[in-house]
file start30.pdb (PDB, C-alpha atoms)
ATOM      1  CA  MET G   1     114.305 100.643  86.345
ATOM      2  CA  ARG G   2     113.873 100.507  90.098
ATOM      3  CA  ILE G   3     110.475 101.002  91.657
ATOM      4  CA  ARG G   4     109.902 101.513  95.353
ATOM      5  CA  ILE G   5     106.940 101.590  97.707
ATOM      6  CA  VAL G   6     107.451 104.022 100.578
ATOM      7  CA  ASP G   7     105.209 104.515 103.608
ATOM      8  CA  ALA G   8     105.129 108.259 104.322
ATOM      9  CA  PHE G   9     104.257 110.247 107.452
ATOM     10  CA  THR G  10     105.163 107.291 109.652
ATOM     11  CA  ASP G  11     108.261 105.790 111.265
ATOM     12  CA  ARG G  12     107.142 102.176 110.866
ATOM     13  CA  PRO G  13     106.142  99.976 107.925
ATOM     14  CA  PHE G  14     102.490  99.257 107.098
ATOM     15  CA  ALA G  15     101.325 102.590 108.512
ATOM     16  CA  GLY G  16     101.083 106.109 107.117
ATOM     17  CA  ASN G  17     100.392 106.540 103.405
ATOM     18  CA  PRO G  18     102.117 104.319 100.821
ATOM     19  CA  ALA G  19     103.377 105.848  97.581
ATOM     20  CA  GLY G  20     105.096 104.424  94.549
ATOM     21  CA  VAL G  21     108.346 106.188  93.601
ATOM     22  CA  LEU G  22     110.197 105.944  90.278
ATOM     23  CA  LEU G  23     113.360 107.895  89.481
ATOM     24  CA  LEU G  24     113.634 108.360  85.708
ATOM     25  CA  ASP G  25     115.965 109.946  83.155
ATOM     26  CA  ALA G  26     113.008 111.847  81.622
ATOM     27  CA  PHE G  27     109.223 111.664  81.668
ATOM     28  CA  PRO G  28     107.792 109.122  79.187
ATOM     29  CA  ASP G  29     104.337 109.557  77.645
ATOM     30  CA  ASP G  30     101.569 110.494  80.067
ATOM     31  CA  SER G  31      99.702 107.305  79.162
ATOM     32  CA  TRP G  32     102.641 105.200  80.398
ATOM     33  CA  LEU G  33     102.854 107.169  83.632
ATOM     34  CA  GLN G  34      99.127 106.671  84.192
ATOM     35  CA  ASP G  35      99.382 102.945  83.431
ATOM     36  CA  VAL G  36     102.161 102.525  85.987
ATOM     37  CA  ALA G  37     100.196 104.454  88.622
ATOM     38  CA  ARG G  38      97.173 102.277  87.934
ATOM     39  CA  GLU G  39      99.335  99.154  88.295
ATOM     40  CA  VAL G  40     100.895 100.366  91.563
ATOM     41  CA  ASN G  41      97.349 101.201  92.732
ATOM     42  CA  HIS G  42      98.271 103.378  95.686
ATOM     43  CA  ALA G  43      96.838 106.830  96.320
ATOM     44  CA  GLU G  44      99.746 108.366  94.387
ATOM     45  CA  THR G  45     102.755 107.261  92.431
ATOM     46  CA  ALA G  46     105.532 109.836  92.089
ATOM     47  CA  PHE G  47     107.729 110.152  89.012
ATOM     48  CA  ALA G  48     110.886 112.273  89.162
ATOM     49  CA  HIS G  49     113.884 112.995  86.965
ATOM     50  CA  PRO G  50     116.965 115.182  87.510
ATOM     51  CA  LEU G  51     117.173 118.660  85.976
ATOM     52  CA  PRO G  52     120.297 120.433  84.658
ATOM     53  CA  ALA G  53     122.453 122.058  87.302
ATOM     54  CA  GLY G  54     122.154 125.776  87.910
ATOM     55  CA  GLY G  55     118.388 126.086  87.535
ATOM     56  CA  LYS G  56     115.643 126.938  89.995
ATOM     57  CA  ALA G  57     114.971 123.257  90.761
ATOM     58  CA  ASP G  58     116.975 120.042  91.066
ATOM     59  CA  TRP G  59     114.341 117.458  90.071
ATOM     60  CA  ALA G  60     111.109 117.497  88.091
ATOM     61  CA  LEU G  61     108.271 115.778  89.951
ATOM     62  CA  ARG G  62     104.780 114.611  88.951
ATOM     63  CA  TRP G  63     102.120 112.671  90.845
ATOM     64  CA  PHE G  64      99.454 110.304  89.520
ATOM     65  CA  THR G  65      96.596 108.558  91.301
ATOM     66  CA  PRO G  66      95.243 105.347  89.721
ATOM     67  CA  ALA G  67      92.773 107.596  87.867
ATOM     68  CA  THR G  68      94.443 110.945  87.083
ATOM     69  CA  GLU G  69      97.359 113.341  87.524
ATOM     70  CA  VAL G  70      97.095 115.708  90.511
ATOM     71  CA  ALA G  71      98.468 119.204  91.078
ATOM     72  CA  LEU G  72      99.820 118.710  94.603
ATOM     73  CA  CYS G  73     100.701 115.720  96.776
ATOM     74  CA  GLY G  74     102.450 115.790 100.129
ATOM     75  CA  HIS G  75     103.035 112.165 101.030
ATOM     76  CA  ALA G  76     104.446 111.186  97.616
ATOM     77  CA  THR G  77     106.778 114.220  97.737
ATOM     78  CA  LEU G  78     107.976 113.098 101.164
ATOM     79  CA  ALA G  79     108.405 109.565  99.806
ATOM     80  CA  THR G  80     110.425 110.824  96.824
ATOM     81  CA  ALA G  81     112.692 112.938  99.025
ATOM     82  CA  HIS G  82     113.207 109.909 101.272
ATOM     83  CA  VAL G  83     114.259 107.780  98.295
ATOM     84  CA  LEU G  84     116.637 110.451  96.984
ATOM     85  CA  HIS G  85     118.320 110.831 100.364
ATOM     86  CA  THR G  86     118.501 107.144 101.336
ATOM     87  CA  THR G  87     119.855 106.041  97.951
ATOM     88  CA  GLY G  88     122.369 108.873  97.676
ATOM     89  CA  ALA G  89     120.773 110.211  94.492
ATOM     90  CA  HIS G  90     120.624 113.665  96.096
ATOM     91  CA  GLN G  91     122.234 115.201  99.151
ATOM     92  CA  GLY G  92     120.785 117.982 101.309
ATOM     93  CA  PRO G  93     117.678 120.024 100.499
ATOM     94  CA  VAL G  94     116.037 119.096  97.189
ATOM     95  CA  ARG G  95     114.016 121.510  95.051
ATOM     96  CA  PHE G  96     111.229 119.927  93.040
ATOM     97  CA  SER G  97     109.724 121.555  89.958
ATOM     98  CA  THR G  98     106.000 120.714  90.020
ATOM     99  CA  ARG G  99     102.604 121.873  88.766
ATOM    100  CA  SER G 100     102.315 123.787  92.065
ATOM    101  CA  GLY G 101     105.626 125.606  91.659
ATOM    102  CA  VAL G 102     108.974 124.811  93.256
ATOM    103  CA  LEU G 103     108.616 122.713  96.408
ATOM    104  CA  VAL G 104     111.557 122.191  98.765
ATOM    105  CA  ALA G 105     112.151 119.070 100.859
ATOM    106  CA  GLU G 106     114.812 119.345 103.542
ATOM    107  CA  PRO G 107     116.128 116.348 105.521
ATOM    108  CA  GLY G 108     116.601 116.729 109.263
ATOM    109  CA  GLU G 109     119.307 115.212 111.454
ATOM    110  CA  ASP G 110     116.635 113.143 113.237
ATOM    111  CA  GLY G 111     115.492 111.454 110.021
ATOM    112  CA  THR G 112     112.455 113.639 109.407
ATOM    113  CA  VAL G 113     111.833 115.471 106.150
ATOM    114  CA  SER G 114     110.364 118.989 106.113
ATOM    115  CA  LEU G 115     108.316 119.984 103.056
ATOM    116  CA  ASP G 116     107.888 123.659 102.138
ATOM    117  CA  PHE G 117     104.466 123.917 100.459
ATOM    118  CA  PRO G 118     102.177 126.816  99.515
ATOM    119  CA  THR G 119      99.587 127.605 102.175
ATOM    120  CA  ALA G 120      96.103 126.882 100.859
ATOM    121  CA  PRO G 121      93.840 129.942 100.655
ATOM    122  CA  LEU G 122      90.692 129.316 102.706
ATOM    123  CA  THR G 123      87.394 130.863 101.682
ATOM    124  CA  ALA G 124      84.351 130.430 103.913
ATOM    125  CA  VAL G 125      81.368 129.039 102.007
ATOM    126  CA  ASP G 126      77.850 128.017 102.900
ATOM    127  CA  VAL G 127      77.633 124.344 103.756
ATOM    128  CA  PRO G 128      76.528 122.791 100.455
ATOM    129  CA  GLU G 129      73.168 121.108 100.532
ATOM    130  CA  GLY G 130      73.581 117.365 100.941
ATOM    131  CA  VAL G 131      77.121 117.351 102.383
ATOM    132  CA  ALA G 132      76.043 116.613 105.950
ATOM    133  CA  GLU G 133      73.758 113.829 104.719
ATOM    134  CA  ALA G 134      76.556 112.352 102.577
ATOM    135  CA  LEU G 135      78.987 112.432 105.512
ATOM    136  CA  GLY G 136      76.405 111.220 107.995
ATOM    137  CA  ALA G 137      77.171 114.010 110.510
ATOM    138  CA  PRO G 138      76.265 117.680 111.071
ATOM    139  CA  VAL G 139      78.718 120.200 109.607
ATOM    140  CA  LEU G 140      79.698 123.263 111.665
ATOM    141  CA  THR G 141      81.618 125.258 109.026
ATOM    142  CA  ALA G 142      82.797 124.788 105.446
ATOM    143  CA  PHE G 143      85.712 126.279 103.470
ATOM    144  CA  ASP G 144      86.925 126.123  99.909
ATOM    145  CA  THR G 145      90.656 125.280  99.879
ATOM    146  CA  GLY G 146      91.645 126.860  96.564
ATOM    147  CA  PRO G 147      92.874 125.477  93.233
ATOM    148  CA  ASN G 148      95.989 123.560  94.355
ATOM    149  CA  VAL G 149      94.157 121.449  96.942
ATOM    150  CA  GLY G 150      90.670 121.490  95.432
ATOM    151  CA  ASP G 151      88.829 120.141  98.484
ATOM    152  CA  LEU G 152      85.932 121.203 100.660
ATOM    153  CA  LEU G 153      87.157 121.503 104.273
ATOM    154  CA  VAL G 154      84.437 120.913 106.863
ATOM    155  CA  GLU G 155      84.629 121.059 110.642
ATOM    156  CA  LEU G 156      82.604 118.532 112.609
ATOM    157  CA  ALA G 157      81.560 118.504 116.259
ATOM    158  CA  ASP G 158      84.420 116.504 117.765
ATOM    159  CA  GLU G 159      87.118 113.892 117.201
ATOM    160  CA  LYS G 160      84.770 111.007 117.918
ATOM    161  CA  THR G 161      82.452 112.164 115.144
ATOM    162  CA  VAL G 162      85.323 112.353 112.629
ATOM    163  CA  ARG G 163      86.582 108.901 113.564
ATOM    164  CA  SER G 164      83.132 107.306 113.253
ATOM    165  CA  LEU G 165      82.278 108.655 109.769
ATOM    166  CA  ARG G 166      80.924 106.175 107.229
ATOM    167  CA  PRO G 167      80.222 108.495 104.288
ATOM    168  CA  ASP G 168      78.241 107.927 101.123
ATOM    169  CA  LEU G 169      81.166 108.373  98.731
ATOM    170  CA  LYS G 170      79.053 108.591  95.599
ATOM    171  CA  ALA G 171      77.074 111.443  97.117
ATOM    172  CA  LEU G 172      80.256 113.205  98.321
ATOM    173  CA  ALA G 173      81.726 113.254  94.804
ATOM    174  CA  ALA G 174      79.334 116.012  93.734
ATOM    175  CA  HIS G 175      80.593 118.562  96.249
ATOM    176  CA  SER G 176      84.230 119.384  95.354
ATOM    177  CA  GLU G 177      86.902 119.076  92.687
ATOM    178  CA  ARG G 178      88.891 116.415  94.542
ATOM    179  CA  GLY G 179      87.024 115.544  97.738
ATOM    180  CA  ILE G 180      86.169 116.338 101.346
ATOM    181  CA  ILE G 181      88.442 117.015 104.322
ATOM    182  CA  ALA G 182      86.563 116.368 107.576
ATOM    183  CA  THR G 183      88.239 117.717 110.703
ATOM    184  CA  ALA G 184      87.752 118.437 114.399
ATOM    185  CA  ARG G 185      89.785 119.591 117.368
ATOM    186  CA  ALA G 186      91.643 116.840 119.209
ATOM    187  CA  GLY G 187      89.642 115.252 121.988
ATOM    188  CA  ASP G 188      92.728 115.096 124.213
ATOM    189  CA  ALA G 189      95.736 117.236 123.277
ATOM    190  CA  HIS G 190      97.896 115.209 125.696
ATOM    191  CA  LEU G 191      97.800 112.312 123.180
ATOM    192  CA  GLY G 192     100.225 114.136 120.893
ATOM    193  CA  HIS G 193      98.011 115.779 118.267
ATOM    194  CA  ASP G 194      96.122 119.072 118.131
ATOM    195  CA  PHE G 195      93.503 118.218 115.518
ATOM    196  CA  VAL G 196      92.220 115.178 113.690
ATOM    197  CA  SER G 197      91.122 114.708 110.094
ATOM    198  CA  ARG G 198      89.945 112.220 107.506
ATOM    199  CA  CYS G 199      90.035 112.732 103.732
ATOM    200  CA  PHE G 200      87.693 111.279 101.117
ATOM    201  CA  PHE G 201      88.632 111.742  97.436
ATOM    202  CA  PRO G 202      86.212 109.749  95.264
ATOM    203  CA  ASN G 203      86.697 112.116  92.301
ATOM    204  CA  VAL G 204      90.319 110.996  91.830
ATOM    205  CA  GLY G 205      89.776 107.309  92.530
ATOM    206  CA  ILE G 206      90.636 107.347  96.259
ATOM    207  CA  ASP G 207      87.772 106.473  98.577
ATOM    208  CA  GLU G 208      89.727 107.418 101.709
ATOM    209  CA  ASP G 209      93.309 108.658 101.668
ATOM    210  CA  HIS G 210      95.509 107.393 104.482
ATOM    211  CA  VAL G 211      97.589 110.518 105.275
ATOM    212  CA  THR G 212      97.261 113.578 103.037
ATOM    213  CA  GLY G 213     100.054 116.136 103.124
ATOM    214  CA  SER G 214      98.329 118.526 100.711
ATOM    215  CA  ALA G 215      95.215 118.618 102.907
ATOM    216  CA  HIS G 216      97.369 119.823 105.784
ATOM    217  CA  THR G 217      98.258 122.967 103.826
ATOM    218  CA  ALA G 218      94.604 123.864 104.480
ATOM    219  CA  LEU G 219      94.223 122.225 107.884
ATOM    220  CA  ALA G 220      97.305 123.972 109.278
ATOM    221  CA  PRO G 221      96.151 127.574 108.684
ATOM    222  CA  TYR G 222      92.609 126.698 109.745
ATOM    223  CA  TRP G 223      93.624 125.252 113.104
ATOM    224  CA  SER G 224      96.511 127.683 113.650
ATOM    225  CA  GLN G 225      94.045 130.542 113.577
ATOM    226  CA  ARG G 226      91.596 128.696 115.811
ATOM    227  CA  LEU G 227      94.185 127.541 118.349
ATOM    228  CA  GLY G 228      96.482 130.578 118.239
ATOM    229  CA  ARG G 229      99.696 128.682 117.441
ATOM    230  CA  ALA G 230     101.763 128.459 114.250
ATOM    231  CA  ALA G 231     103.188 124.986 114.973
ATOM    232  CA  LEU G 232     100.750 122.088 115.370
ATOM    233  CA  THR G 233     100.509 118.327 114.906
ATOM    234  CA  GLY G 234      97.686 116.768 112.926
ATOM    235  CA  LEU G 235      96.531 113.156 113.165
ATOM    236  CA  GLN G 236      94.868 111.715 110.092
ATOM    237  CA  ALA G 237      92.664 109.011 111.577
ATOM    238  CA  SER G 238      92.458 106.611 108.632
ATOM    239  CA  PRO G 239      92.798 102.860 109.196
ATOM    240  CA  ARG G 240      96.598 103.204 108.690
ATOM    241  CA  SER G 241      96.841 106.596 110.419
ATOM    242  CA  GLY G 242      99.758 109.028 110.506
ATOM    243  CA  LEU G 243     101.050 112.241 112.049
ATOM    244  CA  VAL G 244     101.874 115.447 110.173
ATOM    245  CA  ARG G 245     103.765 118.217 111.936
ATOM    246  CA  THR G 246     102.758 121.605 110.547
ATOM    247  CA  GLU G 247     104.017 125.163 110.843
ATOM    248  CA  VAL G 248     102.329 128.078 109.096
ATOM    249  CA  ARG G 249     104.701 130.756 107.815
ATOM    250  CA  GLY G 250     102.403 133.121 105.995
ATOM    251  CA  ALA G 251     102.131 132.095 102.348
ATOM    252  CA  ARG G 252     104.071 128.883 103.023
ATOM    253  CA  THR G 253     103.353 125.925 105.282
ATOM    254  CA  LEU G 254     105.943 123.436 106.505
ATOM    255  CA  LEU G 255     104.901 119.782 106.690
ATOM    256  CA  GLY G 256     107.142 117.417 108.635
ATOM    257  CA  GLY G 257     107.238 113.644 108.838
ATOM    258  CA  ARG G 258     109.188 110.449 108.439
ATOM    259  CA  ALA G 259     109.110 107.716 105.798
ATOM    260  CA  VAL G 260     110.034 104.040 105.474
ATOM    261  CA  THR G 261     110.841 102.110 102.279
ATOM    262  CA  VAL G 262     108.988  98.794 102.396
ATOM    263  CA  VAL G 263     109.339  97.429  98.823
ATOM    264  CA  GLU G 264     112.087  97.757  96.219
ATOM    265  CA  GLY G 265     112.143  95.948  92.914
ATOM    266  CA  ASP G 266     112.459  96.120  89.125
ATOM    267  CA  LEU G 267     109.822  97.483  86.777
ATOM    268  CA  LEU G 268     109.987  95.265  83.710
ATOM    269  CA  VAL G 269     108.026  97.325  81.164
TER     270      VAL G 269
END
call {"tool": "encode", "arguments": {"input": "start30.pdb", "output": "structure tokens"}}
result
Amino acid sequence: MRIRIVDAFTDRPFAGNPAGVLLLDAFPDDSWLQDVAREVNHAETAFAHPLPAGGKADWALRWFTPATEVALCGHATLATAHVLHTTGAHQGPVRFSTRSGVLVAEPGEDGTVSLDFPTAPLTAVDVPEGVAEALGAPVLTAFDTGPNVGDLLVELADEKTVRSLRPDLKALAAHSERGIIATARAGDAHLGHDFVSRCFFPNVGIDEDHVTGSAHTALAPYWSQRLGRAALTGLQASPRSGLVRTEVRGARTLLGGRAVTVVEGDLLV
């Protein structure tokens, strides 16, 4: 079967967030899926297979990190939609059946893909003891992001602080189900982004994720309320970096970005 590596939320190779993508006839045993994801060794590997016509979804989709299956993943969904469209396996909007419900990916005429994801419910919480020390920076506010995302969202003083973080990952692992989203308002909105973030997910085997679509289902409503606009652009300031265009529409959030296939080959097992 064919296996592909796709860089998502970027328009150039070796940037954004890489994901493995396999299109299957059906899902094999979970242990095989996990073994493949461990072998690919990117933040997520996506596995998809077509569903019978006439149903609520067109393809079934699952995501695995090198350590575990996750309930929601943006960049690997974008990567899968990119593969379906560029290979001709699916035309037009594609509906994915996932653990987080039906997710729709719609291709644009300019080459972007728009993902329709559930908006993460944000609940203000007290800053957990030890989080600031683990991050190495003072925390202004903290929010629980709900069951689909499973992160602690924290706002820091400014973009420079977010970019300079060197967290104690072992200490961070005790403070959320998946990890920590650290964010701040953009230092200069004229540079093309409204807010900046970094994401640390030691509990699922990812020290720092490159560009996290699912995190933006929490970042988008947080910053939309703060900045008074539904449509924003987020920059995830990882070493590879990437831009996510967001638009909050009540219970749903649109995530927009591009993708590039960088590797295509045969899986021999």
call {"tool": "residues_around", "arguments": {"input": "start30.pdb", "residues": "G:Glu159", "least_positions_apart": "3", "cutoff": "8 Å", "atoms": "only C-alpha atoms", "output": "list in words"}}
result
Leu156, Val162, Arg163, Thr183, Ala184, Arg185, Ala186, Gly187, Phe195 and Val196 of chain G
call {"tool": "residues_around", "arguments": {"input": "start30.pdb", "residues": "G:Thr77", "least_positions_apart": "3", "cutoff": "10 Å", "atoms": "only C-alpha atoms", "output": "list in words"}}
result
Ala8, Ala19, Val21, Glu44, Thr45, Ala46, Phe47, Ala48, Leu61, Arg62, Trp63, Leu72, Cys73, Gly74, Thr80, Ala81, His82, Val83, Phe96, Leu103, Val104, Ala105, Val113, Leu115, Gly213 and Ser214 of chain G
call {"tool": "resolve_selection", "arguments": {"input": "start30.pdb", "expression": "the PyMOL selection byres ((chain G and resi 125) around 6)", "output": "ChimeraX atom specification"}}
result
/G:124,126,142-143
call {"tool": "resolve_selection", "arguments": {"input": "start30.pdb", "expression": "the PyMOL selection byres ((chain G and resi 201-209) around 10)", "output": "number ranges by chain"}}
result
G: 16-18, 41-44, 64-70, 151, 167-181, 198-200, 210-212, 236-241
call {"tool": "residues_around", "arguments": {"input": "start30.pdb", "residues": "G:Thr261", "least_positions_apart": "3", "cutoff": "8 Å", "atoms": "all atoms listed in the file", "output": "PyMOL selection string"}}
result
chain G and resi 4-7+13+83+264
call {"tool": "atom_distance", "arguments": {"input": "start30.pdb", "atom1": "atom CA of G:Asp116", "atom2": "atom CA of G:Arg252"}}
result
6.5 Å
call {"tool": "closest_residue", "arguments": {"input": "start30.pdb", "among": "G:Arg95, G:His193, G:Lys56, G:Arg38", "to": "G:Ser114", "atoms": "only C-alpha atoms"}}
result
G:Arg95
call {"tool": "closest_residue", "arguments": {"input": "start30.pdb", "among": "G:Ser97, G:His85, G:Val263, G:Ser164", "to": "G:Gly55", "atoms": "only C-alpha atoms"}}
result
G:Ser97
call {"tool": "atom_distance", "arguments": {"input": "start30.pdb", "atom1": "atom CA of G:Gly136", "atom2": "atom CA of G:Thr161"}}
result
9.4 Å
call {"tool": "axis_aligned_box", "arguments": {"input": "start30.pdb", "around": "stretch 151-168 of chain G", "padding_each_side": "6 Å", "output": "lines of an AutoDock Vina configuration file"}}
result
center_x = 83.5
center_y = 113.8
center_z = 108.2
size_x = 22.6
size_y = 27.3
size_z = 31.4
call {"tool": "resolve_selection", "arguments": {"input": "start30.pdb", "expression": "the PyMOL selection byres ((chain G and resi 23) around 6)", "output": "number ranges by chain"}}
result
G: 22, 24, 48-49
call {"tool": "atom_distance", "arguments": {"input": "start30.pdb", "atom1": "atom CA of G:Leu235", "atom2": "atom CA of G:Val127"}}
result
23.9 Å
call {"tool": "closest_residue", "arguments": {"input": "start30.pdb", "among": "G:Arg12, G:His90, G:Arg229, G:Arg245", "to": "G:Gly192", "atoms": "only C-alpha atoms"}}
result
G:Arg245
call {"tool": "closest_residue", "arguments": {"input": "start30.pdb", "among": "G:Ala120, G:Ala71, G:Ala259, G:Ala220", "to": "G:Thr246", "atoms": "all atoms listed in the file"}}
result
G:Ala220
call {"tool": "decode", "arguments": {"input": "start30.pdb", "residues": "stretch 195-211 of chain G", "atoms": "C-alpha atoms", "output": "mmCIF file, in the first residue's frame"}}
result
data_model
loop_
_atom_site.group_PDB
_atom_site.id
_atom_site.type_symbol
_atom_site.label_atom_id
_atom_site.label_comp_id
_atom_site.auth_asym_id
_atom_site.auth_seq_id
_atom_site.Cartn_x
_atom_site.Cartn_y
_atom_site.Cartn_z
ATOM 1 C CA PHE G 195 -1.682 35.571 18.014
ATOM 2 C CA VAL G 196 1.170 33.168 18.582
ATOM 3 C CA SER G 197 1.276 29.778 20.272
ATOM 4 C CA ARG G 198 3.433 26.792 21.110
ATOM 5 C CA CYS G 199 2.159 23.339 22.093
ATOM 6 C CA PHE G 200 3.833 20.782 24.350
ATOM 7 C CA PHE G 201 2.294 17.284 24.523
ATOM 8 C CA PRO G 202 4.575 15.007 26.562
ATOM 9 C CA ASN G 203 1.649 12.788 27.624
ATOM 10 C CA VAL G 204 1.151 11.512 24.058
ATOM 11 C CA GLY G 205 4.818 11.223 23.135
ATOM 12 C CA ILE G 206 5.220 14.651 21.484
ATOM 13 C CA ASP G 207 7.596 17.015 23.247
ATOM 14 C CA GLU G 208 6.634 19.975 21.048
ATOM 15 C CA ASP G 209 4.120 19.774 18.217
ATOM 16 C CA HIS G 210 4.983 21.780 15.119
ATOM 17 C CA VAL G 211 1.532 23.112 14.100
#
